[in-house]
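> Below is the file entry38.cif, which contains mmCIF, C-alpha atoms; chains and numbers go by the auth columns.
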data_data
loop_
_atom_site.group_PDB
_atom_site.id
_atom_site.type_symbol
_atom_site.label_atom_id
_atom_site.label_comp_id
_atom_site.label_asym_id
_atom_site.label_seq_id
_atom_site.Cartn_x
_atom_site.Cartn_y
_atom_site.Cartn_z
_atom_site.B_iso_or_equiv
_atom_site.auth_seq_id
_atom_site.auth_asym_id
ATOM 1 C CA MET A 1 151.731 103.277 -37.559 0.00 154 A
ATOM 2 C CA PRO A 2 150.307 101.684 -40.740 0.00 155 A
ATOM 3 C CA GLU A 3 152.699 99.543 -42.755 0.00 156 A
ATOM 4 C CA SER A 4 152.738 102.151 -45.532 0.00 157 A
ATOM 5 C CA LEU A 5 154.216 104.689 -43.097 0.00 158 A
ATOM 6 C CA THR A 6 157.061 102.777 -41.527 0.00 159 A
ATOM 7 C CA SER A 7 159.631 104.716 -39.570 0.00 160 A
ATOM 8 C CA THR A 8 162.036 104.364 -42.492 0.00 161 A
ATOM 9 C CA ALA A 9 159.532 105.974 -44.871 0.00 162 A
ATOM 10 C CA VAL A 10 158.982 108.887 -42.476 0.00 163 A
ATOM 11 C CA GLU A 11 162.744 109.322 -42.030 0.00 164 A
ATOM 12 C CA ASP A 12 163.128 109.571 -45.822 0.00 165 A
ATOM 13 C CA VAL A 13 160.946 112.704 -45.963 0.00 166 A
ATOM 14 C CA PRO A 14 163.185 115.790 -45.951 0.00 167 A
ATOM 15 C CA CYS A 15 162.660 118.107 -42.977 0.00 168 A
ATOM 16 C CA THR A 16 162.729 121.114 -45.322 0.00 169 A
ATOM 17 C CA HIS A 17 159.099 120.446 -46.181 0.00 170 A
ATOM 18 C CA LEU A 18 157.689 120.649 -42.657 0.00 171 A
ATOM 19 C CA ASP A 19 156.151 124.072 -43.331 0.00 172 A
ATOM 20 C CA THR A 20 154.421 122.686 -46.422 0.00 173 A
ATOM 21 C CA VAL A 21 153.089 119.688 -44.491 0.00 174 A
ATOM 22 C CA ALA A 22 151.843 121.986 -41.716 0.00 175 A
ATOM 23 C CA LYS A 23 150.095 124.144 -44.326 0.00 176 A
ATOM 24 C CA PHE A 24 148.591 120.968 -45.815 0.00 177 A
ATOM 25 C CA PHE A 25 146.936 120.221 -42.454 0.00 178 A
ATOM 26 C CA ARG A 26 145.927 123.846 -41.792 0.00 179 A
ATOM 27 C CA ALA A 27 143.845 123.754 -44.973 0.00 180 A
ATOM 28 C CA LEU A 28 141.837 120.936 -43.376 0.00 181 A
ATOM 29 C CA SER A 29 141.632 122.531 -39.944 0.00 182 A
ATOM 30 C CA ASP A 30 138.560 124.616 -40.786 0.00 183 A
ATOM 31 C CA PRO A 31 135.341 122.700 -39.970 0.00 184 A
ATOM 32 C CA THR A 32 133.481 124.209 -42.933 0.00 185 A
ATOM 33 C CA ARG A 33 136.191 123.195 -45.398 0.00 186 A
ATOM 34 C CA LEU A 34 136.253 119.706 -43.930 0.00 187 A
ATOM 35 C CA LYS A 35 132.454 119.485 -44.187 0.00 188 A
ATOM 36 C CA LEU A 36 132.608 120.579 -47.839 0.00 189 A
ATOM 37 C CA LEU A 37 135.430 118.170 -48.618 0.00 190 A
ATOM 38 C CA GLU A 38 133.525 115.247 -47.110 0.00 191 A
ATOM 39 C CA PHE A 39 130.445 116.259 -49.112 0.00 192 A
ATOM 40 C CA ILE A 40 132.458 116.352 -52.338 0.00 193 A
ATOM 41 C CA LEU A 41 134.016 112.960 -51.598 0.00 194 A
ATOM 42 C CA SER A 42 130.676 111.303 -52.336 0.00 195 A
ATOM 43 C CA GLY A 43 130.509 112.751 -55.855 0.00 196 A
ATOM 44 C CA GLU A 44 130.849 115.802 -58.052 0.00 197 A
ATOM 45 C CA ARG A 45 129.088 118.861 -56.632 0.00 198 A
ATOM 46 C CA THR A 46 128.203 122.377 -57.763 0.00 199 A
ATOM 47 C CA SER A 47 128.815 125.387 -55.559 0.00 200 A
ATOM 48 C CA ALA A 48 125.017 125.711 -55.125 0.00 201 A
ATOM 49 C CA GLU A 49 124.843 122.151 -53.770 0.00 202 A
ATOM 50 C CA CYS A 50 127.783 122.904 -51.473 0.00 203 A
ATOM 51 C CA MET A 51 126.083 126.085 -50.302 0.00 204 A
ATOM 52 C CA GLU A 52 122.888 124.208 -49.440 0.00 205 A
ATOM 53 C CA HIS A 53 124.790 121.402 -47.714 0.00 206 A
ATOM 54 C CA ALA A 54 126.986 123.686 -45.588 0.00 207 A
ATOM 55 C CA ARG A 55 124.203 126.242 -45.033 0.00 208 A
ATOM 56 C CA ILE A 56 126.509 129.173 -45.723 0.00 209 A
ATOM 57 C CA SER A 57 126.419 132.067 -48.164 0.00 210 A
ATOM 58 C CA GLN A 58 127.702 131.836 -51.727 0.00 211 A
ATOM 59 C CA PRO A 59 130.709 134.120 -51.099 0.00 212 A
ATOM 60 C CA ARG A 60 131.800 132.054 -48.085 0.00 213 A
ATOM 61 C CA VAL A 61 131.384 128.750 -49.913 0.00 214 A
ATOM 62 C CA SER A 62 133.421 130.159 -52.811 0.00 215 A
ATOM 63 C CA VAL A 63 136.263 131.132 -50.481 0.00 216 A
ATOM 64 C CA HIS A 64 136.333 127.676 -48.894 0.00 217 A
ATOM 65 C CA LEU A 65 136.088 125.847 -52.230 0.00 218 A
ATOM 66 C CA SER A 66 138.841 128.040 -53.688 0.00 219 A
ATOM 67 C CA CYS A 67 141.082 127.102 -50.765 0.00 220 A
ATOM 68 C CA LEU A 68 140.389 123.395 -51.318 0.00 221 A
ATOM 69 C CA VAL A 69 141.158 123.769 -55.020 0.00 222 A
ATOM 70 C CA ASP A 70 144.284 125.886 -54.462 0.00 223 A
ATOM 71 C CA CYS A 71 145.621 123.363 -51.944 0.00 224 A
ATOM 72 C CA GLY A 72 144.990 120.453 -54.299 0.00 225 A
ATOM 73 C CA TYR A 73 142.283 118.607 -52.376 0.00 226 A
ATOM 74 C CA VAL A 74 139.568 119.320 -54.935 0.00 227 A
ATOM 75 C CA SER A 75 139.448 119.883 -58.693 0.00 228 A
ATOM 76 C CA ALA A 76 137.074 122.303 -60.395 0.00 229 A
ATOM 77 C CA ARG A 77 135.774 122.055 -63.951 0.00 230 A
ATOM 78 C CA ARG A 78 133.630 124.519 -65.817 0.00 231 A
ATOM 79 C CA ASP A 79 130.249 123.267 -67.025 0.00 232 A
ATOM 80 C CA GLY A 80 128.628 126.217 -68.789 0.00 233 A
ATOM 81 C CA LYS A 81 128.274 128.921 -66.157 0.00 234 A
ATOM 82 C CA LYS A 82 128.714 126.488 -63.283 0.00 235 A
ATOM 83 C CA LEU A 83 131.814 125.102 -61.642 0.00 236 A
ATOM 84 C CA ARG A 84 131.686 121.473 -60.649 0.00 237 A
ATOM 85 C CA TYR A 85 133.925 120.266 -57.842 0.00 238 A
ATOM 86 C CA SER A 86 135.314 116.771 -57.380 0.00 239 A
ATOM 87 C CA VAL A 87 138.130 114.989 -55.613 0.00 240 A
ATOM 88 C CA GLY A 88 140.799 114.103 -58.133 0.00 241 A
ATOM 89 C CA ASP A 89 143.063 112.029 -55.882 0.00 242 A
ATOM 90 C CA PRO A 90 141.629 109.006 -54.045 0.00 243 A
ATOM 91 C CA ARG A 91 144.223 109.478 -51.281 0.00 244 A
ATOM 92 C CA VAL A 92 142.171 112.463 -50.090 0.00 245 A
ATOM 93 C CA ALA A 93 139.336 110.091 -49.160 0.00 246 A
ATOM 94 C CA ASP A 94 141.831 107.803 -47.413 0.00 247 A
ATOM 95 C CA LEU A 95 143.185 110.770 -45.475 0.00 248 A
ATOM 96 C CA VAL A 96 139.714 111.836 -44.295 0.00 249 A
ATOM 97 C CA VAL A 97 138.787 108.282 -43.251 0.00 250 A
ATOM 98 C CA LEU A 98 142.080 107.892 -41.365 0.00 251 A
ATOM 99 C CA ALA A 99 141.655 111.290 -39.679 0.00 252 A
ATOM 100 C CA ARG A 100 138.124 110.405 -38.551 0.00 253 A
ATOM 101 C CA SER A 101 139.361 107.091 -37.154 0.00 254 A
ATOM 102 C CA LEU A 102 142.251 108.710 -35.290 0.00 255 A
ATOM 103 C CA ALA A 103 139.996 111.461 -33.952 0.00 256 A
ATOM 104 C CA ALA A 104 137.483 108.874 -32.718 0.00 257 A
ATOM 105 C CA ASP A 105 140.226 106.863 -31.019 0.00 258 A
ATOM 106 C CA ASN A 106 141.574 110.014 -29.360 0.00 259 A
ATOM 107 C CA SER A 107 138.304 111.856 -28.773 0.00 260 A
ATOM 108 C CA ALA A 108 138.704 112.162 -24.994 0.00 261 A
ATOM 109 C CA ALA A 109 142.165 113.706 -25.310 0.00 262 A
ATOM 110 C CA LEU A 110 141.073 115.983 -28.160 0.00 263 A
ATOM 111 C CA THR A 111 138.046 117.170 -26.184 0.00 264 A
ATOM 112 C CA CYS A 112 140.233 118.071 -23.193 0.00 265 A
ATOM 113 C CA CYS A 113 142.987 119.727 -25.248 0.00 266 A
ATOM 114 C CA THR A 114 143.144 123.438 -24.392 0.00 267 A
ATOM 115 C CA ARG A 115 146.174 124.280 -26.546 0.00 268 A
ATOM 116 C CA ILE A 116 144.245 124.071 -29.806 0.00 269 A
ATOM 117 C CA PRO A 117 141.024 126.108 -29.815 0.00 270 A
ATOM 118 C CA ASP A 118 137.800 124.678 -31.159 0.00 271 A
ATOM 119 C CA GLY A 119 137.273 125.694 -34.772 0.00 272 A
ATOM 120 C CA GLY A 120 134.419 127.622 -36.253 0.00 273 A
ATOM 121 C CA ASP A 121 133.518 129.089 -39.582 0.00 274 A
#
Could you express the structure from this file as structure tokens?

Amino acid sequence: MPESLTSTAVEDVPCTHLDTVAKFFRALSDPTRLKLLEFILSGERTSAECMEHARISQPRVSVHLSCLVDCGYVSARRDGKKLRYSVGDPRVADLVVLARSLAADNSAALTCCTRIPDGGD
């Protein structure tokens, strides 16, 4: 466990928030949302740019971006008729990098896991 997450720090987190933490991870469990979030990490993006990057329709990209905004991963600002999306908290980038590293280190186990179905759009 990284030094920033010592067992004492984890023990200090009240158990009453487990549902909120689970919801926090469920928001990232959709591959399309994760793809959009990683795209936005590299800089501010419009919904049209997100649509082109994810190769999905405008209504679907709007639903996914709204989820990311509602859950606090992404911020949206109005620029004329367009919304521009960015990551407001640098810890989001840290979280994605850490998740990728953990997934790579555990890829064999994750590939064989039958309890959690593969995601899709």
> Looking at A:His206, A:Arg237, A:Arg253, A:Arg179, which one is nearest to A:Phe192, with distances taken over all atoms listed in the file?
A:His206
> Using only C-alpha atoms, which residue out of A:Ala252, A:Leu194, A:Val240, A:Ile209 lies closest to A:Leu181?
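Looking at the shortest contact to A:Leu181, the residue is A:Ala252.
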> Tell me, in Å to one decimal, how far atom CA of A:Ser200 is from atom CA of A:Arg231.
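Between these atoms lies a distance of 11.4 Å.
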> Between A:Ala175, A:Ala180, A:Ile193, A:Ala256, which has the minimum distance to A:Val216 (counting all atoms listed in the file)?
A:Ala180
> What does the distance from atom CA of A:Ala262 to atom CA of A:Thr185 come to in Å, to one decimal?
22.3 Å
> Please indicate the distance in Å from atom CA of A:Phe178 to atom CA of A:Ala201, rounded to one decimal place.
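Calculated distance between atom CA of A:Phe178 and atom CA of A:Ala201 is 25.9 Å.
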> Pick from A:Ser219, A:Thr199, A:Ser254, A:Ser182: nearest to A:Lys234, with all atoms listed in the file counted?
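Going through A:Ser219, A:Thr199, A:Ser254, A:Ser182 one by one, the smallest distance to A:Lys234 is for A:Thr199.
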> Measuring atom to atom with only C-alpha atoms, identify which of A:Met204, A:Leu189, A:Leu221, A:Leu263 is nearest to A:Lys176.
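For A:Lys176, the nearest of the given residues is A:Leu221.
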> Taking only C-alpha atoms into account, name the residue in A:Glu202, A:Asp172, A:Asp183, A:Glu191 that is nearest to A:Pro270.
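For A:Pro270, the nearest of the given residues is A:Asp183.
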> Residues at most 10 Å from A:Gly241, counting all atoms listed in the file, excluding those fewer than 2 positions away in the same chain, as a PyMOL selection string?
chain A and resi 194+225-229+238-239+243-246
> Using 6 Å of padding on each side, determine the axis-aligned box around all atoms of stretch 172-183 of chain A present in the file and give its centre and edge lengths in Å to one decimal, as lines of an AutoDock Vina configuration file.

center_x = 147.4
center_y = 122.2
center_z = -43.2
size_x = 29.6
size_y = 16.9
size_z = 18.5
